[in-house]
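Coordinates from model-v1.txt are shown below (compact mmCIF, C-alpha atoms and all ligand atoms).
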# COMPACT_ATOMS: atom_id res chain seq x y z
CA MET A 20 -65.46 61.45 41.73
CA THR A 21 -64.74 57.71 41.83
CA SER A 22 -64.93 55.86 38.54
CA VAL A 23 -67.38 52.94 38.27
CA LEU A 24 -67.02 49.87 36.07
CA ILE A 25 -70.33 48.10 35.44
CA THR A 26 -69.41 44.72 34.03
CA ASN A 27 -70.97 41.36 33.17
CA ILE A 28 -73.87 43.18 31.47
CA GLY A 29 -76.01 40.59 29.68
CA GLU A 30 -77.67 43.15 27.40
CA LEU A 31 -76.56 46.78 27.07
CA VAL A 32 -78.92 49.24 25.36
CA THR A 33 -76.64 51.93 23.95
CA ASN A 34 -79.03 53.67 21.51
CA ASP A 35 -75.86 54.34 19.55
CA PRO A 36 -77.17 56.07 16.42
CA VAL A 37 -74.56 54.43 14.20
CA ALA A 38 -75.61 50.91 15.22
CA GLU A 39 -77.62 48.85 12.77
CA ASP A 40 -80.34 47.91 15.25
CA LEU A 41 -82.59 50.49 16.87
CA LEU A 42 -81.29 49.99 20.42
CA GLY A 43 -77.61 49.50 19.55
CA LEU A 44 -77.64 46.33 21.68
CA ARG A 45 -74.40 44.77 22.93
CA THR A 46 -74.08 41.50 24.82
CA ASP A 47 -71.41 40.55 27.40
CA ALA A 48 -70.73 44.26 27.72
CA ALA A 49 -69.18 46.64 30.21
CA LEU A 50 -69.36 50.37 30.85
CA VAL A 51 -67.14 52.81 32.72
CA LEU A 52 -68.61 55.94 34.32
CA ASP A 53 -66.19 58.69 35.25
CA ASP A 54 -66.62 62.34 36.14
CA GLY A 55 -70.35 62.23 35.41
CA VAL A 56 -70.06 60.86 31.88
CA VAL A 57 -69.70 57.53 30.13
CA ALA A 58 -65.93 57.12 29.73
CA TRP A 59 -65.80 53.74 28.01
CA VAL A 60 -68.12 51.13 26.43
CA GLY A 61 -66.97 47.71 25.26
CA SER A 62 -66.79 43.99 25.80
CA ALA A 63 -66.64 42.79 29.40
CA GLY A 64 -63.40 40.94 28.65
CA ASP A 65 -61.63 44.18 27.59
CA ALA A 66 -62.82 46.38 30.44
CA PRO A 67 -60.30 48.76 32.02
CA ALA A 68 -59.85 49.06 35.79
CA ALA A 69 -61.96 51.47 37.83
CA ASP A 70 -62.28 52.57 41.47
CA GLU A 71 -65.49 50.61 41.99
CA VAL A 72 -66.69 47.49 40.18
CA VAL A 73 -70.38 46.59 39.88
CA ASP A 74 -71.16 43.07 38.66
CA ALA A 75 -74.43 43.28 36.68
CA GLY A 76 -74.78 39.50 36.90
CA GLY A 77 -75.92 39.15 33.29
CA ARG A 78 -78.75 41.64 33.76
CA ALA A 79 -79.75 44.38 31.30
CA VAL A 80 -78.47 47.97 31.44
CA LEU A 81 -80.03 50.90 29.61
CA PRO A 82 -79.89 54.70 29.54
CA GLY A 83 -81.92 56.46 32.21
CA PHE A 84 -85.40 57.38 30.99
CA VAL A 85 -85.90 60.90 29.59
CA ASP A 86 -89.38 62.03 30.64
CA SER A 87 -90.00 65.01 28.37
CA HIS A 88 -93.46 65.96 29.69
CA SER A 89 -94.61 66.44 33.29
CA HIS A 90 -96.56 68.89 35.42
CA LEU A 91 -95.05 68.45 38.89
CA VAL A 92 -95.55 71.93 40.39
CA PHE A 93 -98.94 71.65 42.04
CA ALA A 94 -100.62 71.17 45.39
CA GLY A 95 -103.40 68.79 46.41
CA ASP A 96 -104.77 65.97 44.32
CA ARG A 97 -107.91 65.09 42.33
CA ALA A 98 -108.63 61.59 43.54
CA GLU A 99 -112.31 62.46 43.79
CA GLU A 100 -112.37 63.57 40.14
CA PHE A 101 -110.69 60.28 39.18
CA ARG A 102 -113.20 58.29 41.22
CA ALA A 103 -116.09 60.06 39.46
CA ARG A 104 -114.46 59.49 36.07
CA MET A 105 -114.17 55.79 36.69
CA ALA A 106 -117.89 55.88 37.51
CA GLY A 107 -118.66 57.36 34.09
CA GLU A 108 -117.83 61.10 34.14
CA SER A 109 -115.66 62.24 31.23
CA TYR A 110 -112.36 64.12 31.47
CA ALA A 111 -112.47 67.84 30.65
CA ALA A 112 -109.80 70.54 30.65
CA GLY A 113 -111.77 72.53 33.25
CA GLY A 114 -110.56 70.27 36.08
CA ILE A 115 -107.23 72.08 35.82
CA ARG A 116 -108.83 75.05 37.62
CA THR A 117 -109.39 72.90 40.72
CA THR A 118 -105.64 72.39 41.02
CA VAL A 119 -104.97 76.07 40.24
CA ALA A 120 -106.97 77.16 43.30
CA VAL A 121 -105.11 74.79 45.64
CA THR A 122 -101.70 75.59 44.10
CA ARG A 123 -102.18 79.34 44.52
CA ALA A 124 -102.92 78.79 48.24
CA ALA A 125 -99.78 76.69 48.81
CA SER A 126 -96.44 78.02 50.05
CA ASP A 127 -93.27 77.88 47.96
CA ASP A 128 -91.92 75.23 50.35
CA GLU A 129 -95.00 73.07 49.91
CA LEU A 130 -94.70 73.25 46.14
CA ALA A 131 -90.99 72.42 46.25
CA ALA A 132 -91.63 69.48 48.58
CA ASN A 133 -94.19 68.09 46.15
CA VAL A 134 -91.79 68.37 43.21
CA ALA A 135 -89.01 66.75 45.27
CA ARG A 136 -91.30 63.86 46.21
CA LEU A 137 -92.28 63.21 42.59
CA VAL A 138 -88.78 63.62 41.15
CA GLU A 139 -87.58 61.07 43.71
CA GLU A 140 -90.47 58.76 42.82
CA MET A 141 -89.46 59.06 39.15
CA ARG A 142 -85.81 58.42 39.93
CA ARG A 143 -86.66 55.16 41.69
CA GLN A 144 -88.43 54.13 38.48
CA GLY A 145 -85.45 54.90 36.26
CA THR A 146 -86.07 58.48 35.13
CA THR A 147 -82.90 60.58 35.15
CA THR A 148 -84.01 63.57 33.05
CA VAL A 149 -87.37 65.24 33.56
CA GLU A 150 -89.04 68.22 31.96
CA ILE A 151 -91.29 70.14 34.37
CA LYS A 152 -94.01 72.60 33.37
CA SER A 153 -95.70 75.42 35.21
CA GLY A 154 -99.39 75.87 34.47
CA TYR A 155 -101.20 75.62 37.80
CA GLY A 156 -100.41 79.20 38.86
CA LEU A 157 -101.90 81.21 35.99
CA SER A 158 -101.07 84.58 37.56
CA VAL A 159 -97.82 86.47 37.03
CA ALA A 160 -96.57 85.75 40.55
CA ASP A 161 -97.76 82.14 40.66
CA GLU A 162 -96.33 81.20 37.26
CA GLU A 163 -93.02 82.87 38.14
CA ARG A 164 -92.73 81.00 41.41
CA SER A 165 -93.80 77.71 39.81
CA LEU A 166 -90.92 78.01 37.36
CA ARG A 167 -88.52 79.14 40.05
CA VAL A 168 -89.39 76.02 42.04
CA ALA A 169 -89.12 73.78 38.94
CA SER A 170 -85.73 75.24 38.02
CA GLY A 171 -84.39 73.97 41.34
CA PHE A 172 -84.87 70.42 40.03
CA THR A 173 -84.22 70.50 36.27
CA ASP A 174 -82.87 72.61 33.41
CA GLU A 175 -85.82 71.47 31.30
CA THR A 176 -88.43 73.93 32.54
CA THR A 177 -91.48 74.93 30.53
CA PHE A 178 -93.70 77.99 30.87
CA LEU A 179 -97.32 76.86 30.46
CA GLY A 180 -99.22 80.02 31.38
CA ALA A 181 -101.54 79.09 28.49
CA HIS A 182 -102.86 75.97 30.23
CA VAL A 183 -106.46 77.16 30.69
CA VAL A 184 -108.02 80.60 31.16
CA PRO A 185 -108.21 81.16 34.95
CA PRO A 186 -111.59 82.04 36.52
CA GLU A 187 -110.82 85.74 36.95
CA TYR A 188 -110.41 86.04 33.16
CA ALA A 189 -113.42 83.85 32.25
CA ASP A 190 -115.09 86.79 30.49
CA ASP A 191 -111.90 88.08 28.90
CA PRO A 192 -109.84 85.29 27.33
CA ALA A 193 -108.15 87.76 24.97
CA GLY A 194 -107.05 89.78 28.00
CA TYR A 195 -105.60 86.62 29.51
CA VAL A 196 -103.59 85.88 26.34
CA ASP A 197 -102.26 89.45 26.54
CA LEU A 198 -101.22 88.81 30.14
CA VAL A 199 -99.50 85.52 29.20
CA THR A 200 -97.63 87.03 26.24
CA GLY A 201 -96.74 90.20 28.17
CA PRO A 202 -96.02 90.49 31.91
CA MET A 203 -96.33 86.77 32.70
CA LEU A 204 -93.86 85.77 29.99
CA ALA A 205 -91.45 88.48 31.14
CA ALA A 206 -91.56 87.15 34.72
CA ALA A 207 -91.36 83.49 33.70
CA ALA A 208 -88.73 83.65 30.95
CA PRO A 209 -85.66 83.88 33.23
CA TYR A 210 -86.58 80.48 34.72
CA ALA A 211 -87.85 78.74 31.59
CA ARG A 212 -86.22 77.01 28.62
CA TRP A 213 -89.47 76.15 26.83
CA ILE A 214 -92.89 77.65 26.18
CA ASP A 215 -96.01 75.54 25.76
CA ALA A 216 -99.76 76.01 25.28
CA PHE A 217 -102.76 73.70 25.59
CA CYS A 218 -104.33 73.95 22.12
CA GLU A 219 -107.66 72.22 22.60
CA THR A 220 -111.39 72.92 22.81
CA GLY A 221 -111.96 74.35 26.29
CA ALA A 222 -108.43 75.75 26.48
CA PHE A 223 -106.79 77.81 23.67
CA ASP A 224 -107.47 77.94 19.93
CA ALA A 225 -104.82 77.92 17.21
CA ASP A 226 -104.59 81.72 16.94
CA GLN A 227 -104.11 82.07 20.68
CA ALA A 228 -101.55 79.25 20.78
CA ARG A 229 -99.68 80.84 17.86
CA ALA A 230 -99.59 84.19 19.68
CA VAL A 231 -98.18 82.53 22.81
CA LEU A 232 -95.53 80.56 20.92
CA THR A 233 -94.51 83.57 18.84
CA ALA A 234 -94.11 85.76 21.93
CA GLY A 235 -92.16 82.99 23.64
CA ALA A 236 -89.80 82.65 20.69
CA ALA A 237 -89.18 86.39 20.76
CA ALA A 238 -88.24 86.02 24.44
CA GLY A 239 -85.75 83.27 23.56
CA LEU A 240 -87.86 80.27 24.60
CA HIS A 241 -88.19 77.13 22.47
CA GLY A 242 -91.69 75.96 21.61
CA ARG A 243 -93.65 72.81 22.31
CA LEU A 244 -97.39 72.23 22.33
CA HIS A 245 -100.18 70.15 23.90
CA ALA A 246 -102.41 69.23 20.97
CA ASN A 247 -105.05 66.85 19.59
CA GLN A 248 -105.56 65.22 23.00
CA LEU A 249 -109.34 65.30 23.42
CA GLY A 250 -110.35 65.45 19.76
CA PRO A 251 -109.13 66.41 16.30
CA GLY A 252 -107.86 69.97 16.07
CA PRO A 253 -105.40 72.41 14.55
CA GLY A 254 -102.59 72.09 17.12
CA VAL A 255 -100.48 69.38 15.50
CA ALA A 256 -100.54 71.18 12.15
CA LEU A 257 -99.55 74.41 13.91
CA ALA A 258 -96.64 72.69 15.68
CA ALA A 259 -95.40 71.28 12.38
CA GLU A 260 -95.80 74.60 10.60
CA LEU A 261 -93.78 76.39 13.29
CA GLY A 262 -91.15 73.61 13.28
CA LEU A 263 -91.52 73.04 17.02
CA THR A 264 -89.22 70.51 18.65
CA ALA A 265 -92.14 68.44 19.95
CA VAL A 266 -95.91 68.24 20.02
CA ASP A 267 -97.48 66.22 22.77
CA HIS A 268 -100.53 63.90 23.08
CA CYS A 269 -101.28 63.42 19.31
CA THR A 270 -104.21 61.13 20.04
CA TYR A 271 -106.55 62.31 17.27
CA LEU A 272 -104.65 62.77 14.00
CA THR A 273 -105.64 63.13 10.35
CA ASP A 274 -103.44 61.80 7.57
CA ASP A 275 -102.41 65.40 6.87
CA ASP A 276 -101.29 65.80 10.50
CA VAL A 277 -99.16 62.66 10.23
CA HIS A 278 -97.56 63.82 6.97
CA ALA A 279 -96.92 67.27 8.40
CA LEU A 280 -95.12 65.75 11.41
CA ARG A 281 -93.03 63.55 9.15
CA ASP A 282 -92.04 66.53 7.00
CA SER A 283 -91.29 68.94 9.85
CA GLY A 284 -89.35 66.44 11.98
CA THR A 285 -91.34 67.52 15.02
CA VAL A 286 -91.27 64.76 17.64
CA ALA A 287 -94.70 63.32 18.48
CA THR A 288 -94.70 62.72 22.23
CA LEU A 289 -97.23 60.08 23.22
CA LEU A 290 -98.53 59.97 26.80
CA PRO A 291 -100.36 56.66 27.25
CA GLY A 292 -100.81 57.13 30.99
CA VAL A 293 -103.38 59.78 30.07
CA GLU A 294 -105.50 57.43 28.00
CA PHE A 295 -105.18 54.80 30.72
CA SER A 296 -106.43 57.30 33.33
CA THR A 297 -109.14 58.94 31.22
CA ARG A 298 -110.40 55.87 29.35
CA GLN A 299 -109.85 57.52 26.00
CA PRO A 300 -108.52 55.76 22.91
CA TYR A 301 -104.76 55.35 22.84
CA PRO A 302 -102.75 57.23 20.20
CA ASP A 303 -101.74 55.10 17.22
CA ALA A 304 -97.98 54.87 17.57
CA ARG A 305 -97.73 52.27 14.81
CA ARG A 306 -99.24 54.66 12.28
CA LEU A 307 -96.78 57.39 13.24
CA LEU A 308 -93.74 55.13 13.20
CA ASP A 309 -94.70 53.55 9.88
CA ALA A 310 -95.04 57.04 8.39
CA GLY A 311 -91.53 57.95 9.57
CA VAL A 312 -92.51 60.26 12.44
CA ARG A 313 -90.15 60.42 15.40
CA VAL A 314 -91.96 59.27 18.56
CA ALA A 315 -91.26 59.88 22.25
CA LEU A 316 -92.98 58.39 25.28
CA ALA A 317 -93.44 60.47 28.43
CA SER A 318 -95.49 60.32 31.63
CA ASP A 319 -97.45 63.62 31.64
CA CYS A 320 -97.44 63.17 35.43
CA ASN A 321 -100.09 65.58 36.75
CA PRO A 322 -102.88 65.42 39.33
CA GLY A 323 -105.72 65.41 36.78
CA SER A 324 -105.45 63.48 33.53
CA CYS A 325 -102.65 61.14 34.60
CA TYR A 326 -101.18 60.79 38.06
CA THR A 327 -98.45 58.28 37.28
CA SER A 328 -94.74 59.00 37.33
CA SER A 329 -93.87 55.59 35.89
CA ILE A 330 -92.14 55.36 32.53
CA PRO A 331 -92.09 51.54 32.81
CA LEU A 332 -95.90 51.67 32.91
CA CYS A 333 -95.91 53.89 29.81
CA ILE A 334 -93.62 51.42 28.00
CA ALA A 335 -95.91 48.52 28.89
CA LEU A 336 -98.99 50.43 27.68
CA ALA A 337 -97.26 51.51 24.46
CA VAL A 338 -96.44 47.91 23.64
CA ARG A 339 -99.76 46.42 24.70
CA GLU A 340 -102.08 49.14 23.42
CA MET A 341 -100.29 51.23 20.79
CA GLY A 342 -98.58 48.76 18.47
CA MET A 343 -95.01 49.49 19.49
CA THR A 344 -92.40 46.76 19.80
CA PRO A 345 -90.59 46.61 23.16
CA ALA A 346 -87.47 47.98 21.43
CA GLU A 347 -89.41 50.90 19.91
CA ALA A 348 -91.01 51.73 23.26
CA VAL A 349 -87.72 51.66 25.17
CA HIS A 350 -86.09 53.76 22.46
CA ALA A 351 -88.97 56.27 22.58
CA ALA A 352 -88.65 56.60 26.37
CA THR A 353 -84.90 57.24 26.19
CA ALA A 354 -83.55 58.54 22.86
CA GLY A 355 -87.04 59.72 21.85
CA GLY A 356 -87.42 61.80 25.02
CA ALA A 357 -83.98 63.27 24.42
CA ALA A 358 -84.98 64.25 20.87
CA ALA A 359 -88.16 65.83 22.23
CA LEU A 360 -85.96 68.02 24.44
CA GLY A 361 -83.35 68.68 21.76
CA ARG A 362 -80.71 66.93 23.89
CA ALA A 363 -77.78 64.98 22.48
CA ASP A 364 -76.15 64.15 25.83
CA VAL A 365 -78.86 61.97 27.39
CA GLY A 366 -80.94 58.99 26.29
CA LEU A 367 -77.93 57.03 25.04
CA LEU A 368 -74.85 55.33 26.46
CA VAL A 369 -71.82 56.09 24.32
CA PRO A 370 -68.49 57.64 25.32
CA GLY A 371 -69.12 61.25 26.34
CA SER A 372 -72.81 60.91 27.08
CA ARG A 373 -74.12 61.72 30.54
CA ALA A 374 -73.66 58.85 32.98
CA ASP A 375 -77.40 58.24 33.44
CA VAL A 376 -77.70 54.48 33.76
CA VAL A 377 -80.39 52.01 34.78
CA LEU A 378 -79.60 48.45 35.85
CA LEU A 379 -82.67 46.26 35.43
CA GLU A 380 -83.74 43.36 37.59
CA ALA A 381 -84.11 41.41 34.34
CA ALA A 382 -82.02 40.00 31.51
CA SER A 383 -83.55 42.11 28.75
CA HIS A 384 -85.35 45.39 28.03
CA VAL A 385 -88.33 43.29 26.84
CA HIS A 386 -89.18 42.59 30.48
CA LEU A 387 -90.21 46.24 30.95
CA ALA A 388 -93.30 45.45 28.86
CA TYR A 389 -93.49 41.72 29.59
CA ARG A 390 -93.69 42.20 33.37
CA PRO A 391 -96.00 45.23 33.82
CA GLY A 392 -96.36 46.63 37.31
CA VAL A 393 -93.27 44.83 38.62
CA PRO A 394 -90.46 46.96 40.12
CA LEU A 395 -87.69 46.04 37.69
CA ILE A 396 -85.40 49.00 38.34
CA ARG A 397 -82.56 47.56 40.43
CA ARG A 398 -80.15 50.51 40.47
CA VAL A 399 -79.93 53.99 38.94
CA TRP A 400 -76.98 56.31 38.43
CA ALA A 401 -77.69 59.95 37.56
CA SER A 402 -74.65 61.81 36.19
CA GLY A 403 -72.65 58.91 37.57
CA VAL A 404 -74.03 59.31 41.06
CA PRO A 405 -75.83 56.36 42.66
CA PRO A 406 -78.92 56.91 44.83
CA ALA A 407 -78.27 58.27 48.35
O1 LIG B 501 -101.33 67.19 29.72
N1 LIG B 501 -103.65 68.64 28.68
C1 LIG B 501 -103.46 69.51 29.51
N2 LIG B 501 -102.84 69.39 30.66
C2 LIG B 501 -102.64 68.18 31.35
C3 LIG B 501 -103.78 67.87 32.26
C4 LIG B 501 -103.76 68.71 33.43
C5 LIG B 501 -104.84 68.43 34.42
O2 LIG B 501 -105.86 67.77 34.13
O3 LIG B 501 -104.65 68.93 35.53
C6 LIG B 501 -102.33 67.07 30.38
O4 LIG B 501 -103.06 66.08 30.27
FE FE B 502 -99.48 67.73 29.81
Now, as a test, write the supplied structure out as structure tokens.
Amino acid sequence: MTSVLITNIGELVTNDPVAEDLLGLRTDAALVLDDGVVAWVGSAGDAPAADEVVDAGGRAVLPGFVDSHSHLVFAGDRAEEFRARMAGESYAAGGIRTTVAVTRAASDDELAANVARLVEEMRRQGTTTVEIKSGYGLSVADEERSLRVASGFTDETTFLGAHVVPPEYADDPAGYVDLVTGPMLAAAAPYARWIDAFCETGAFDADQARAVLTAGAAAGLHGRLHANQLGPGPGVALAAELGLTAVDHCTYLTDDDVHALRDSGTVATLLPGVEFSTRQPYPDARRLLDAGVRVALASDCNPGSCYTSSIPLCIALAVREMGMTPAEAVHAATAGGAAALGRADVGLLVPGSRADVVLLEAASHVHLAYRPGVPLIRRVWASGVPPA
């Protein structure tokens, strides 16, 4: 693989944990990518030679975004549901079943093509690591194939059989939990790294979510949870009690929830595209950060509650609506996402980290929030490889 020197970087976001500032910013910097990793970081004037030289022209460079929460394995869309919501309908978990019906009817190739389209869309917007969940199959065969398809695109695959109870189990939710924790988990586990459940009114209660997470852990999967999205509930406390790596949404929190997250170290993953697309109140990132909770930002890209793949949009919303500084939002979408996936090799640019690099069409990371809706991603390298 040819080595690449990116030089004349006006502002380099390293996220180096030993730096004094949150983003580990360097000015007049340079970076060498070699063999898929960052080989060297330093001042532009000291840069070593490389096979290819890219002049950043004083622009900003940052780690590729780490999107720790998405639902890309689905067919069809729910534009009509969105249209009705904008006319006053409210969002409810039951809409998931609409996508389940269409996903079950799709071929493996159709599902894979949809994931490929969305992963590419994400890449163009600076995302170089993405977690992908199942959860629109909800039968043994359809969850297994959803994860098989997802595992063709990422190592960060999540089994979400406990998304909602499918129609054929409407009268027997306990039977469905038995299916999820038994044969469905057995079929899904070879393709999954994580297990997740939607702990919310209209989906699964705390006992059911606990059963799913416990069975997943016994099968070697790491736990994460959807919780406190549509109203207050027990999910965040459960995630903290179980010491899960991350709990996602966190829109409605009590003080006890916030303290529990701080004490457990569980990452609170905030998904502002959801609140944008459902007209619900945004989660209070400021409250979490001030309490010492680790925060990540992710897209939640899915056809129902939030059909955006854009981390730059999430950063802009987090700054405008959730009390985050631009530096906190960029950190949450890079290092925060990495923490939410338990990854030390992505979300930062230091020697040895994966060569996932974004060159902005701007002089500073602040522009990601300052210029919402503008395509500011000039170039992306993923594991050192530029776009085709
Ligand atoms: O994260 N909360 C549950 N699942 C998705 C929504 C899925 C859908 O509406 O299709 C979410 O928002
Ligand atoms: Fe989700």
Legend entry - Within-7 Å shell of (-77.5, 43.8, 29.7) in input frame, only C-alpha atoms, as a VMD selection string: chain A and resid 28 to 31 46 77 to 80 382 to 383
Output C-alpha atoms for every residue in the selection just made, as a tab-separated table (two decimals), in the coordinates of the input.
chain	number	residue	atom	x	y	z
A	28	ILE	CA	-73.87	43.18	31.47
A	29	GLY	CA	-76.01	40.59	29.68
A	30	GLU	CA	-77.67	43.15	27.40
A	31	LEU	CA	-76.56	46.78	27.07
A	46	THR	CA	-74.08	41.50	24.82
A	77	GLY	CA	-75.92	39.15	33.29
A	78	ARG	CA	-78.75	41.64	33.76
A	79	ALA	CA	-79.75	44.38	31.30
A	80	VAL	CA	-78.47	47.97	31.44
A	382	ALA	CA	-82.02	40.00	31.51
A	383	SER	CA	-83.55	42.11	28.75
Legend entry - Selected residue of minimal separation from Ser296 of chain A among A:Pro67, A:Gly113, A:Pro251, A:Pro322, counting all atoms listed in the file: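 Nearest to Ser296 of chain A: A:Pro322.
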Legend entry - Atom pair atom CA of Asp319 of chain A / atom CA of Thr200 of chain A: separation (Å):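 Straight-line distance from atom CA of Asp319 of chain A to atom CA of Thr200 of chain A works out to 24.0 Å.
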Legend entry - Close residues, Ala237 of chain A itself excluded, 12 Å, all atoms listed in the file, min 4 positions apart in chain, as number ranges by chain: A: 200-201, 204-205, 208, 213-214, 230-233, 241-242
Please identify all protein, DNA and RNA residues within 7 Å of ligand FE 502 (chain B), counting all atoms listed in the file, and report them as a short mmCIF file (atom, residue, chain, number, x, y, z; two decimals) with C-alpha atoms, in the coordinates of the input.
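After the write, result-v3.cif holds the following:
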data_model
loop_
_atom_site.label_atom_id
_atom_site.label_comp_id
_atom_site.auth_asym_id
_atom_site.auth_seq_id
_atom_site.Cartn_x
_atom_site.Cartn_y
_atom_site.Cartn_z
CA HIS A 88 -93.46 65.96 29.69
CA SER A 89 -94.61 66.44 33.29
CA HIS A 90 -96.56 68.89 35.42
CA HIS A 245 -100.18 70.15 23.90
CA ASP A 319 -97.45 63.62 31.64
#
Legend entry - Nearby residues (all atoms listed in the file) at most 10 Å from Thr173 of chain A, same-chain spacing under 2 positions excluded, as an MDAnalysis selection string: chainID A and resid 138 148:151 168:171 175:176
Could the residues that lie within 7 Å of ligand LIG 501 (chain B), counting all atoms listed in the file, be listed as a PDB file with C-alpha atoms, in the coordinates of the input?
ATOM      1  CA  ALA A 112    -109.800  70.540  30.650  1.00  0.00           C
ATOM      2  CA  GLY A 114    -110.560  70.270  36.080  1.00  0.00           C
ATOM      3  CA  ILE A 115    -107.230  72.080  35.820  1.00  0.00           C
ATOM      4  CA  THR A 118    -105.640  72.390  41.020  1.00  0.00           C
ATOM      5  CA  HIS A 182    -102.860  75.970  30.230  1.00  0.00           C
ATOM      6  CA  PHE A 217    -102.760  73.700  25.590  1.00  0.00           C
ATOM      7  CA  HIS A 245    -100.180  70.150  23.900  1.00  0.00           C
ATOM      8  CA  GLN A 248    -105.560  65.220  23.000  1.00  0.00           C
ATOM      9  CA  VAL A 293    -103.380  59.780  30.070  1.00  0.00           C
ATOM     10  CA  ASP A 319     -97.450  63.620  31.640  1.00  0.00           C
ATOM     11  CA  ASN A 321    -100.090  65.580  36.750  1.00  0.00           C
ATOM     12  CA  PRO A 322    -102.880  65.420  39.330  1.00  0.00           C
ATOM     13  CA  GLY A 323    -105.720  65.410  36.780  1.00  0.00           C
ATOM     14  CA  SER A 324    -105.450  63.480  33.530  1.00  0.00           C
ATOM     15  CA  CYS A 325    -102.650  61.140  34.600  1.00  0.00           C
TER      16      CYS A 325
END
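Between atom CA of Ala228 of chain A and atom CA of Ala216 of chain A there is a distance of 5.8 Å.
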Inset, instruction - Go ahead and compute the interatomic distance for atom CA of Pro36 of chain A and atom CA of Leu263 of chain A, in Å to one decimal. - result: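 Atom CA of Pro36 of chain A sits 22.2 Å away from atom CA of Leu263 of chain A.
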Inset, instruction - Find the spatial neighbours of Leu44 of chain A, counting only C-alpha atoms, within a cut-off of 9 Å - ignore same-chain residues fewer than 3 positions away - and output them as a list in words. - result: Glu30, Leu31, Val32, Thr33, Asn34, Asp35, Ala38, Asp40 and Leu41 of chain A
Inset, instruction - Select, from A:Ser283, A:Gln144, A:Gln299, A:Thr327, the residue with the minimum atom-to-atom distance to Leu395 of chain A, counting all atoms listed in the file. - result: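 Among the listed residues, the smallest separation from Leu395 of chain A belongs to A:Gln144.
Shortest separation to Pro209 of chain A among A:Val72, A:Val376, A:Ala354, A:Leu166 occurs at residue A:Leu166, atoms counted being all atoms listed in the file.
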Inset, instruction - Pick out the residues sitting within 8 Å of Arg116 of chain A, and hand them over as number ranges by chain; count only C-alpha atoms, and ignore anything fewer than 4 positions along from it in its own chain. - result: A: 120, 155, 183, 185-186
Inset, instruction - Find the residue from A:Thr117, A:Thr122, A:Ser109, A:Ser402 that sits nearest to Glu162 of chain A; use only C-alpha atoms when measuring. - result: A:Thr122
